[in-house]
There are 2 protein chains.
Amino acid sequence: MSAELNEVLMYPIKIRAKLDQNECPLKPPKVVLESIKKSLEVINRYQTSMLFNYILELYSDYCNVNKNHLFMTPGIDVIFEKILHYMRGKTILVTKPTYFLFEEQAKQFGVKLEYIVLQEPYFSLELDAIYSRLKKIDMIFLANPNNPTGQYVLDQKEVQELIEEFNGPIIIDEAYYEYGGKTAIQMVENYDNLIVTRTLSKAFCLAGIRASFIALSKNLRNLFFDRIEMFRISTPTLLASKAALENRGYIKHVVAYTERERNKIFEGLKKMGLIPYPSVTNFLLVNTKMEGLQGYLYSKGILVKDLSNMMGSTFIRVSVGLPKENDLFLEETKNYLNLKLSTSEI
Amino acid sequence: MSAELNEVLMYPIKIRAKLDQNECPLKPPKVVLESIKKSLEVINRYQTSMLFNYILELYSDYCNVNKNHLFMTPGIDVIFEKILHYMRGKTILVTKPTYFLFEEQAKQFGVKLEYIVLQEPYFSLELDAIYSRLKKIDMIFLANPNNPTGQYVLDQKEVQELIEEFNGPIIIDEAYYEYGGKTAIQMVENYDNLIVTRTLSKAFCLAGIRASFIALSKNLRNLFFDRIEMFRISTPTLLASKAALENRGYIKHVVAYTERERNKIFEGLKKMGLIPYPSVTNFLLVNTKMEGLQGYLYSKGILVKDLSNMMGSTFIRVSVGLPKENDLFLEETKNYLNLKLSTSEI
């Protein structure tokens, strides 16, 4: 893996385990790779609306939402940006912690953030805590499951209650939908204020192609997207998406694999006395109960996400990787723990 | 060609000549195609800022502008959209005709357009005609060379004069730069109000990858683009751009080929008594002096762009295609002409 990361993606260090960006460590099936290769035959040609619309039909079939509610963009931040343009000076309710990219973009667009702090160990939301603040806010953003906590903040019934209670727009990011299987996406057909975002970057094993899907009410679709924007998606990305959605059976294997390895990491960390939190995603939030693990792992070529700014100095987020990567992570975490114990005994 | 367009891009009709979108009919060299294939090895991974920045360095070397003035986006409309967001209710000066996509987007964003009509046969701009209107306008957009006229509207000295005279932002779209070789791009280093847009869709033969480059003053770069947005570009697109810019010698052959075939089409049309206009691009504006040619050609599987709404009912735009496509276009145009002559004689 490392040779490719160095050669193709220009990583300056030799990476032995890449567990920092919640990518799927598995490659998509051959049929998807072959489909991307087909783009070479027409790479000098513009992509077409026929192909774009066909992919929306496939996604419509996959998520059981009418095509007129769907759009596709190169990355989720495109839809965030469009919405945030209209929210300058207004207030958005987010959880603490929430998806860092949304938080970063919101600040950049001059949007005020109202935080609801999520409580251990399940990091779920109390609807009453939101209701008491509805008058102060103009929009709600929830990642569900949440990143970096790895758990649902609301169940489907609670989402529906919230949509009915609140008049402003609600964005629900379902990037990790496939791992836990719960979704609010069909509600976009019945409510005017709901926006659900999805991606092929996670369970579809296609982070490199930048394919995001958005489900929203028709009026919002027309407000935010037009004919021109469908041409932002490249032909390789369209053809990868087409094959992935046509052959989507493979995500079941990805999800099963992820659960298996996630449980292995969970149990391994617990056995060492660290605190991994339950997860319905392809990553684990971990309270390592000691500082400096992320830096130590980095020095060993193991990348995990440092959450010291977001959650406190002993927190990391670790993605489920290949078996070898996960074992290496557990092994080096144990080494660091022993190192810490031996030095603290001195 | 047609089989690929039908199979891969889902065109519903059998196309014998595709001359409607100013694509390059030639494929990029093998080294570029091989580079795209390398993306398959890491398609489950996110793209990196290292790769993105390296491509900006390559483009910096190519256009001789410091990297800090450059950005890359999936399509030119992204930068148009960003700017137009700030221009709602304001007035932009454009030529008539101008690049239809910019005009369409501007209208959609509630921007007022002030037109300067370009005059035959050279469709160039008189600076005095602009100067008399500078007080009425907030921004200027020029495609240079212009689409669909195929000629420069201003030379470099005039562009510089205009930048110095006008305080508001000036966008110059140089999508067809490589064919004529004149550019204002280096001026972004010295002026605060200039934005120059470029693409790999034309002479680089890569319309399918959606790679656009923007050169602009540093303050505008920071206003319009941030860290997050670099992740809208997919790995296949980054790797195609990398190889294309590293091996950019091939565009000389593309340009030479284009000139040769463009001259052939030009002379062929002239001989028939039609009026092709001089061009420094990969397409020709043609006054066919008769109505209905585009529809007739379409019925024969030959796609050209109908300009009846933009320029009048006898105007079309035809891209330079493969020799076989160009010959077919000339042949069927002649057939239509003969058909017209024979019916008008009755």
# chains A, B, ... in the order shown; residues from 1 in each chain; ligands from 1
$ residues_around --residues "Pro28 in chain A" --least-positions-apart "4" --cutoff "7 Å" --atoms "only C-alpha atoms" --output "ChimeraX atom specification"
/A:32,204-205
$ residues_around --residues "range 324-329 of chain B" --least-positions-apart "4" --cutoff "8 Å" --atoms "only C-alpha atoms" --output "ChimeraX atom specification"
/B:16-18,261,265,297,302,320,333
$ write_last_selection --atoms "C-alpha atoms" --output "JSON list (two decimals), in the first residue's frame"
[["chain", "number", "residue", "atom", "x", "y", "z"],
["B", 16, "ARG", "CA", -20.92, 10.36, -37.52],
["B", 17, "ALA", "CA", -19.23, 13.71, -36.80],
["B", 18, "LYS", "CA", -19.16, 15.48, -33.43],
["B", 261, "GLU", "CA", -7.79, 21.17, -40.69],
["B", 265, "ILE", "CA", -12.72, 23.66, -43.65],
["B", 297, "LEU", "CA", -26.66, 17.94, -40.73],
["B", 302, "ILE", "CA", -23.37, 15.43, -37.93],
["B", 320, "VAL", "CA", -12.47, 21.21, -36.07],
["B", 333, "THR", "CA", -23.01, 20.98, -46.42]]
$ residues_around --residues "range 219-233 of chain B" --least-positions-apart "5" --cutoff "7 Å" --atoms "only C-alpha atoms" --output "PyMOL selection string"
(chain A and resi 74-75+210) or (chain B and resi 47+52+69+73-74+82+238)
$ residues_around --residues "Leu9 in chain B" --least-positions-apart "3" --cutoff "8 Å" --atoms "only C-alpha atoms" --output "list in words"
Val42, Gln47, Thr48, Met50 and Leu51 of chain A; Glu4, Leu5 and Asn6 of chain B
$ write_last_selection --atoms "N, CA, C and O atoms" --output "compact mmCIF listing (two decimals), in the first residue's frame"
# COMPACT_ATOMS: atom_id res chain seq x y z
N VAL A 42 -13.05 8.10 -24.25
CA VAL A 42 -13.77 9.34 -24.59
C VAL A 42 -13.30 10.51 -23.72
O VAL A 42 -14.03 11.47 -23.51
N GLN A 47 -18.49 15.11 -20.82
CA GLN A 47 -19.47 14.17 -20.28
C GLN A 47 -20.87 14.61 -20.72
O GLN A 47 -21.04 15.72 -21.21
N THR A 48 -21.86 13.74 -20.54
CA THR A 48 -23.19 14.06 -21.07
C THR A 48 -24.25 14.08 -19.97
O THR A 48 -24.11 13.43 -18.93
N MET A 50 -27.04 12.69 -20.39
CA MET A 50 -27.65 11.35 -20.41
C MET A 50 -27.02 10.47 -19.34
O MET A 50 -27.70 9.77 -18.60
N LEU A 51 -25.69 10.51 -19.29
CA LEU A 51 -24.97 9.70 -18.30
C LEU A 51 -25.26 10.20 -16.88
O LEU A 51 -25.53 9.40 -15.97
N GLU B 4 -18.27 4.28 -29.26
CA GLU B 4 -17.85 4.70 -27.92
C GLU B 4 -18.78 5.78 -27.34
O GLU B 4 -19.13 5.75 -26.18
N LEU B 5 -19.16 6.71 -28.20
CA LEU B 5 -20.05 7.78 -27.73
C LEU B 5 -21.39 7.19 -27.31
O LEU B 5 -21.99 7.63 -26.33
N ASN B 6 -21.85 6.21 -28.05
CA ASN B 6 -23.13 5.58 -27.72
C ASN B 6 -23.02 4.73 -26.47
O ASN B 6 -23.83 4.83 -25.56
$ closest_residue --among "A:Ser2, A:Asn53, A:Gln151, A:Asn144" --to "Ile185 in chain A" --atoms "only C-alpha atoms"
A:Asn144
$ residues_around --residues "Cys63 in chain A" --least-positions-apart "4" --cutoff "12 Å" --atoms "only C-alpha atoms" --output "list in words"
Leu56, Glu57, Leu58, Tyr59, Lys67, His69, Leu70, Glu174, Tyr177, Glu178, Gly181, Lys182, Thr183, Ala184, Ile185, Gln186, Met187, Val188, Glu189, Val196, Thr197, Arg198, Thr199, Phe213, Ile214, Ala215, Leu245 and Arg248 of chain A
$ write_last_selection --atoms "C-alpha atoms" --output "PDB file, in the first residue's frame"
ATOM      1  CA  LEU A  56     -29.374   9.795 -10.671  1.00  0.00           C
ATOM      2  CA  GLU A  57     -31.818   7.060 -11.710  1.00  0.00           C
ATOM      3  CA  LEU A  58     -29.509   4.421 -10.271  1.00  0.00           C
ATOM      4  CA  TYR A  59     -29.163   6.368  -7.036  1.00  0.00           C
ATOM      5  CA  LYS A  67     -34.973  11.264  -9.000  1.00  0.00           C
ATOM      6  CA  HIS A  69     -35.214  15.129  -5.391  1.00  0.00           C
ATOM      7  CA  LEU A  70     -31.625  14.096  -6.125  1.00  0.00           C
ATOM      8  CA  GLU A 174     -25.455  10.414   6.211  1.00  0.00           C
ATOM      9  CA  TYR A 177     -25.301   5.419   6.326  1.00  0.00           C
ATOM     10  CA  GLU A 178     -24.338   2.084   4.798  1.00  0.00           C
ATOM     11  CA  GLY A 181     -28.463   1.098   7.813  1.00  0.00           C
ATOM     12  CA  LYS A 182     -30.745   3.776   9.335  1.00  0.00           C
ATOM     13  CA  THR A 183     -31.755   6.689   7.137  1.00  0.00           C
ATOM     14  CA  ALA A 184     -34.051   9.707   6.951  1.00  0.00           C
ATOM     15  CA  ILE A 185     -33.580  10.101   3.204  1.00  0.00           C
ATOM     16  CA  GLN A 186     -37.097   9.170   2.110  1.00  0.00           C
ATOM     17  CA  MET A 187     -38.487  12.019   4.219  1.00  0.00           C
ATOM     18  CA  VAL A 188     -37.269  14.551   1.629  1.00  0.00           C
ATOM     19  CA  GLU A 189     -40.298  13.569  -0.450  1.00  0.00           C
ATOM     20  CA  VAL A 196     -29.803  14.629   3.305  1.00  0.00           C
ATOM     21  CA  THR A 197     -26.249  14.164   2.051  1.00  0.00           C
ATOM     22  CA  ARG A 198     -24.597  10.900   1.043  1.00  0.00           C
ATOM     23  CA  THR A 199     -21.305   9.838  -0.535  1.00  0.00           C
ATOM     24  CA  PHE A 213     -25.328  12.696  -3.595  1.00  0.00           C
ATOM     25  CA  ILE A 214     -27.843  15.111  -2.161  1.00  0.00           C
ATOM     26  CA  ALA A 215     -31.526  14.428  -1.528  1.00  0.00           C
ATOM     27  CA  LEU A 245     -24.379   1.567  -8.232  1.00  0.00           C
ATOM     28  CA  ARG A 248     -23.807  -2.402  -5.383  1.00  0.00           C
TER      29      ARG A 248
END
$ select_by_dssp --residues "range 87-202 of chain A" --states "strand (DSSP E or B)" --output "number ranges by chain"
A: 91-96, 112-117, 139-143, 170-173, 194-199
$ write_last_selection --atoms "N, CA, C and O atoms" --output "mmCIF file, in the first residue's frame"
data_model
loop_
_atom_site.group_PDB
_atom_site.id
_atom_site.type_symbol
_atom_site.label_atom_id
_atom_site.label_comp_id
_atom_site.auth_asym_id
_atom_site.auth_seq_id
_atom_site.Cartn_x
_atom_site.Cartn_y
_atom_site.Cartn_z
ATOM 1 N N THR A 91 -27.681 31.865 12.430
ATOM 2 C CA THR A 91 -27.183 30.912 13.422
ATOM 3 C C THR A 91 -27.572 29.475 13.070
ATOM 4 O O THR A 91 -28.733 29.198 12.752
ATOM 5 N N ILE A 92 -26.596 28.595 13.119
ATOM 6 C CA ILE A 92 -26.840 27.174 12.860
ATOM 7 C C ILE A 92 -26.555 26.375 14.127
ATOM 8 O O ILE A 92 -25.526 26.573 14.779
ATOM 9 N N LEU A 93 -27.487 25.494 14.448
ATOM 10 C CA LEU A 93 -27.285 24.599 15.591
ATOM 11 C C LEU A 93 -26.489 23.375 15.146
ATOM 12 O O LEU A 93 -26.857 22.719 14.157
ATOM 13 N N VAL A 94 -25.401 23.097 15.854
ATOM 14 C CA VAL A 94 -24.613 21.886 15.585
ATOM 15 C C VAL A 94 -24.309 21.188 16.904
ATOM 16 O O VAL A 94 -24.382 21.805 17.968
ATOM 17 N N THR A 95 -23.972 19.922 16.799
ATOM 18 C CA THR A 95 -23.565 19.214 18.004
ATOM 19 C C THR A 95 -22.087 19.505 18.260
ATOM 20 O O THR A 95 -21.357 19.947 17.378
ATOM 21 N N LYS A 96 -21.662 19.256 19.477
ATOM 22 C CA LYS A 96 -20.246 19.377 19.820
ATOM 23 C C LYS A 96 -19.820 18.055 20.390
ATOM 24 O O LYS A 96 -20.309 17.676 21.455
ATOM 25 N N LYS A 112 -22.912 32.016 12.492
ATOM 26 C CA LYS A 112 -22.750 31.770 13.932
ATOM 27 C C LYS A 112 -23.140 30.324 14.248
ATOM 28 O O LYS A 112 -24.103 29.804 13.687
ATOM 29 N N LEU A 113 -22.409 29.726 15.161
ATOM 30 C CA LEU A 113 -22.720 28.347 15.532
ATOM 31 C C LEU A 113 -23.221 28.289 16.968
ATOM 32 O O LEU A 113 -22.647 28.891 17.877
ATOM 33 N N GLU A 114 -24.321 27.591 17.147
ATOM 34 C CA GLU A 114 -24.870 27.344 18.478
ATOM 35 C C GLU A 114 -24.625 25.864 18.760
ATOM 36 O O GLU A 114 -25.066 24.996 18.008
ATOM 37 N N TYR A 115 -23.893 25.581 19.845
ATOM 38 C CA TYR A 115 -23.481 24.201 20.102
ATOM 39 C C TYR A 115 -24.379 23.498 21.127
ATOM 40 O O TYR A 115 -24.772 24.094 22.125
ATOM 41 N N ILE A 116 -24.657 22.233 20.861
ATOM 42 C CA ILE A 116 -25.223 21.352 21.882
ATOM 43 C C ILE A 116 -24.172 20.289 22.181
ATOM 44 O O ILE A 116 -23.770 19.549 21.277
ATOM 45 N N VAL A 117 -23.727 20.241 23.416
ATOM 46 C CA VAL A 117 -22.663 19.300 23.764
ATOM 47 C C VAL A 117 -23.251 17.892 23.930
ATOM 48 O O VAL A 117 -24.235 17.697 24.647
ATOM 49 N N MET A 139 -31.041 27.326 11.397
ATOM 50 C CA MET A 139 -30.820 26.080 10.675
ATOM 51 C C MET A 139 -30.241 25.047 11.635
ATOM 52 O O MET A 139 -29.693 25.410 12.683
ATOM 53 N N ILE A 140 -30.377 23.759 11.277
ATOM 54 C CA ILE A 140 -29.790 22.685 12.087
ATOM 55 C C ILE A 140 -28.911 21.822 11.187
ATOM 56 O O ILE A 140 -29.316 21.486 10.069
ATOM 57 N N PHE A 141 -27.724 21.500 11.654
ATOM 58 C CA PHE A 141 -26.871 20.540 10.945
ATOM 59 C C PHE A 141 -26.558 19.375 11.874
ATOM 60 O O PHE A 141 -26.051 19.570 12.980
ATOM 61 N N LEU A 142 -26.844 18.171 11.398
ATOM 62 C CA LEU A 142 -26.499 16.973 12.172
ATOM 63 C C LEU A 142 -25.788 15.965 11.274
ATOM 64 O O LEU A 142 -26.228 15.731 10.148
ATOM 65 N N ALA A 143 -24.706 15.399 11.753
ATOM 66 C CA ALA A 143 -24.120 14.236 11.090
ATOM 67 C C ALA A 143 -24.680 13.027 11.833
ATOM 68 O O ALA A 143 -24.535 12.920 13.044
ATOM 69 N N ILE A 170 -33.008 21.727 7.723
ATOM 70 C CA ILE A 170 -32.228 20.763 8.514
ATOM 71 C C ILE A 170 -31.374 19.949 7.551
ATOM 72 O O ILE A 170 -31.906 19.337 6.626
ATOM 73 N N ILE A 171 -30.068 19.985 7.756
ATOM 74 C CA ILE A 171 -29.174 19.138 6.953
ATOM 75 C C ILE A 171 -28.786 17.933 7.783
ATOM 76 O O ILE A 171 -28.331 18.076 8.918
ATOM 77 N N ILE A 172 -28.973 16.752 7.213
ATOM 78 C CA ILE A 172 -28.500 15.540 7.881
ATOM 79 C C ILE A 172 -27.465 14.876 6.987
ATOM 80 O O ILE A 172 -27.771 14.473 5.859
ATOM 81 N N ASP A 173 -26.237 14.806 7.472
ATOM 82 C CA ASP A 173 -25.174 14.173 6.703
ATOM 83 C C ASP A 173 -25.150 12.685 7.034
ATOM 84 O O ASP A 173 -24.884 12.304 8.179
ATOM 85 N N LEU A 194 -35.879 19.530 4.548
ATOM 86 C CA LEU A 194 -34.867 18.510 4.844
ATOM 87 C C LEU A 194 -33.879 18.342 3.691
ATOM 88 O O LEU A 194 -34.269 18.285 2.530
ATOM 89 N N ILE A 195 -32.614 18.270 4.049
ATOM 90 C CA ILE A 195 -31.545 18.004 3.083
ATOM 91 C C ILE A 195 -30.710 16.854 3.639
ATOM 92 O O ILE A 195 -30.206 16.939 4.763
ATOM 93 N N VAL A 196 -30.606 15.773 2.863
ATOM 94 C CA VAL A 196 -29.803 14.629 3.305
ATOM 95 C C VAL A 196 -28.627 14.454 2.347
ATOM 96 O O VAL A 196 -28.810 14.469 1.127
ATOM 97 N N THR A 197 -27.436 14.328 2.896
ATOM 98 C CA THR A 197 -26.249 14.164 2.051
ATOM 99 C C THR A 197 -25.655 12.772 2.216
ATOM 100 O O THR A 197 -25.650 12.204 3.306
ATOM 101 N N ARG A 198 -25.180 12.237 1.105
ATOM 102 C CA ARG A 198 -24.597 10.900 1.043
ATOM 103 C C ARG A 198 -23.304 10.950 0.232
ATOM 104 O O ARG A 198 -23.020 11.951 -0.426
ATOM 105 N N THR A 199 -22.581 9.856 0.198
ATOM 106 C CA THR A 199 -21.305 9.838 -0.535
ATOM 107 C C THR A 199 -20.984 8.426 -1.017
ATOM 108 O O THR A 199 -21.479 7.446 -0.453
#
$ closest_residue --among "A:Ala129, A:Leu162, A:Ile83, A:Ala240" --to "Ser201 in chain A" --atoms "only C-alpha atoms"
A:Ala240
$ residues_around --residues "range 312-317 of chain B" --least-positions-apart "4" --cutoff "7 Å" --atoms "only C-alpha atoms" --output "PyMOL selection string"
chain B and resi 148+283-291+304-308
$ write_last_selection --atoms "N, CA, C and O atoms" --output "CSV table (one decimal), in the first residue's frame"
chain,number,residue,atom,x,y,z
B,148,PRO,N,-18.8,32.7,-29.7
B,148,PRO,CA,-18.5,31.9,-30.8
B,148,PRO,C,-17.8,32.5,-32.0
B,148,PRO,O,-17.9,32.0,-33.1
B,283,PHE,N,-12.4,26.2,-33.7
B,283,PHE,CA,-13.7,26.2,-34.3
B,283,PHE,C,-13.9,27.4,-35.3
B,283,PHE,O,-13.0,28.3,-35.3
B,284,LEU,N,-14.9,27.3,-36.1
B,284,LEU,CA,-15.2,28.4,-37.0
B,284,LEU,C,-16.6,28.9,-36.9
B,284,LEU,O,-17.5,28.0,-36.8
B,285,LEU,N,-16.8,30.2,-36.9
B,285,LEU,CA,-18.1,30.8,-37.0
B,285,LEU,C,-18.4,30.9,-38.5
B,285,LEU,O,-17.5,31.3,-39.2
B,286,VAL,N,-19.6,30.4,-38.8
B,286,VAL,CA,-19.9,30.4,-40.3
B,286,VAL,C,-21.3,31.1,-40.5
B,286,VAL,O,-22.3,30.7,-39.8
B,287,ASN,N,-21.4,32.0,-41.4
B,287,ASN,CA,-22.6,32.5,-41.9
B,287,ASN,C,-22.9,31.7,-43.2
B,287,ASN,O,-22.3,31.8,-44.2
B,288,THR,N,-23.9,30.8,-43.0
B,288,THR,CA,-24.2,29.8,-44.1
B,288,THR,C,-25.0,30.5,-45.2
B,288,THR,O,-25.2,29.9,-46.2
B,289,LYS,N,-25.5,31.6,-44.9
B,289,LYS,CA,-26.4,32.4,-45.9
B,289,LYS,C,-27.7,31.6,-46.2
B,289,LYS,O,-28.3,31.9,-47.2
B,290,MET,N,-27.9,30.6,-45.5
B,290,MET,CA,-29.2,29.8,-45.7
B,290,MET,C,-29.7,29.2,-44.4
B,290,MET,O,-28.9,29.0,-43.5
B,291,GLU,N,-30.9,29.1,-44.3
B,291,GLU,CA,-31.5,28.5,-43.0
B,291,GLU,C,-31.5,27.0,-43.1
B,291,GLU,O,-31.6,26.4,-44.1
B,304,VAL,N,-23.3,20.1,-35.2
B,304,VAL,CA,-22.7,21.4,-35.2
B,304,VAL,C,-23.5,22.3,-34.3
B,304,VAL,O,-24.7,21.9,-34.0
B,305,LYS,N,-23.0,23.4,-33.9
B,305,LYS,CA,-23.8,24.3,-32.9
B,305,LYS,C,-24.7,25.3,-33.7
B,305,LYS,O,-24.1,26.1,-34.5
B,306,ASP,N,-25.9,25.2,-33.4
B,306,ASP,CA,-26.9,26.2,-34.0
B,306,ASP,C,-26.8,27.5,-33.3
B,306,ASP,O,-26.8,27.6,-32.1
B,307,LEU,N,-26.6,28.6,-34.0
B,307,LEU,CA,-26.4,29.9,-33.4
B,307,LEU,C,-27.6,30.9,-33.8
B,307,LEU,O,-27.4,32.1,-33.7
B,308,SER,N,-28.7,30.3,-34.2
B,308,SER,CA,-29.8,31.2,-34.7
B,308,SER,C,-30.3,32.1,-33.6
B,308,SER,O,-30.5,33.3,-33.9
$ residues_around --residues "Leu303 in chain B" --least-positions-apart "3" --cutoff "6 Å" --atoms "only C-alpha atoms" --output "PDB file with C-alpha atoms, in the first residue's frame"
ATOM      1  CA  LYS B  18     -19.162  15.480 -33.428  1.00  0.00           C
ATOM      2  CA  LEU B  19     -18.408  19.127 -34.158  1.00  0.00           C
ATOM      3  CA  ASP B  20     -20.717  20.889 -31.696  1.00  0.00           C
ATOM      4  CA  TYR B 298     -28.201  16.583 -37.515  1.00  0.00           C
TER       5      TYR B 298
END
$ select_by_dssp --residues "range 88-196 of chain A" --states "alpha helix (DSSP H)" --output "list in words"
Phe100, Leu101, Phe102, Glu103, Glu104, Gln105, Ala106, Lys107, Gln108, Leu127, Asp128, Ala129, Ile130, Tyr131, Gln156, Lys157, Glu158, Val159, Gln160, Glu161, Leu162, Ile163, Glu164, Glu165, Tyr177, Glu178, Tyr179 and Gly180 of chain A
$ atom_distance --atom1 "CA of Arg88 in chain A" --atom2 "CA of Ala106 in chain A"
8.6 Å
$ closest_residue --among "A:Ser49, A:Ser234, A:Ser217, A:Ser124" --to "chain B" --atoms "only C-alpha atoms"
A:Ser234
$ atom_distance --atom1 "CA of Asn147 in chain A" --atom2 "CA of Phe123 in chain A"
10.6 Å
$ closest_residue --among "A:Tyr176, A:Tyr86, A:Tyr277, A:Tyr62" --to "chain B" --atoms "only C-alpha atoms"
A:Tyr86
$ atom_distance --atom1 "CA of Lys14 in chain B" --atom2 "CA of Val31 in chain A"
26.0 Å
$ decode --residues "range 89-100 of chain B" --atoms "N, CA, C and O atoms" --output "compact mmCIF listing (two decimals), in the first residue's frame"
# COMPACT_ATOMS: atom_id res chain seq x y z
N GLY B 89 -27.76 41.86 -8.58
CA GLY B 89 -28.30 43.22 -8.68
C GLY B 89 -27.34 44.21 -9.31
O GLY B 89 -27.70 45.35 -9.58
N LYS B 90 -26.10 43.78 -9.53
CA LYS B 90 -25.12 44.67 -10.14
C LYS B 90 -25.06 44.42 -11.66
O LYS B 90 -25.77 43.57 -12.18
N THR B 91 -24.20 45.19 -12.33
CA THR B 91 -24.18 45.13 -13.80
C THR B 91 -22.82 44.68 -14.32
O THR B 91 -21.78 45.18 -13.90
N ILE B 92 -22.86 43.71 -15.23
CA ILE B 92 -21.63 43.21 -15.86
C ILE B 92 -21.65 43.54 -17.35
O ILE B 92 -22.67 43.31 -18.02
N LEU B 93 -20.56 44.08 -17.84
CA LEU B 93 -20.43 44.35 -19.26
C LEU B 93 -19.95 43.08 -19.97
O LEU B 93 -18.94 42.49 -19.57
N VAL B 94 -20.70 42.68 -21.01
CA VAL B 94 -20.27 41.53 -21.83
C VAL B 94 -20.41 41.91 -23.30
O VAL B 94 -21.12 42.85 -23.64
N THR B 95 -19.71 41.18 -24.14
CA THR B 95 -19.87 41.40 -25.57
C THR B 95 -21.11 40.64 -26.04
O THR B 95 -21.59 39.73 -25.37
N LYS B 96 -21.61 41.05 -27.19
CA LYS B 96 -22.71 40.32 -27.81
C LYS B 96 -22.25 39.91 -29.19
O LYS B 96 -22.01 40.78 -30.00
N PRO B 97 -21.98 38.66 -29.46
CA PRO B 97 -22.20 37.50 -28.59
C PRO B 97 -21.03 37.30 -27.62
O PRO B 97 -19.94 37.82 -27.84
N THR B 98 -21.30 36.50 -26.58
CA THR B 98 -20.24 36.09 -25.66
C THR B 98 -20.44 34.62 -25.32
O THR B 98 -21.37 33.98 -25.80
N TYR B 99 -19.55 34.10 -24.46
CA TYR B 99 -19.63 32.69 -24.05
C TYR B 99 -21.00 32.45 -23.39
O TYR B 99 -21.30 33.02 -22.34
N PHE B 100 -21.81 31.61 -24.02
CA PHE B 100 -23.22 31.46 -23.61
C PHE B 100 -23.37 30.99 -22.17
O PHE B 100 -24.32 31.36 -21.49
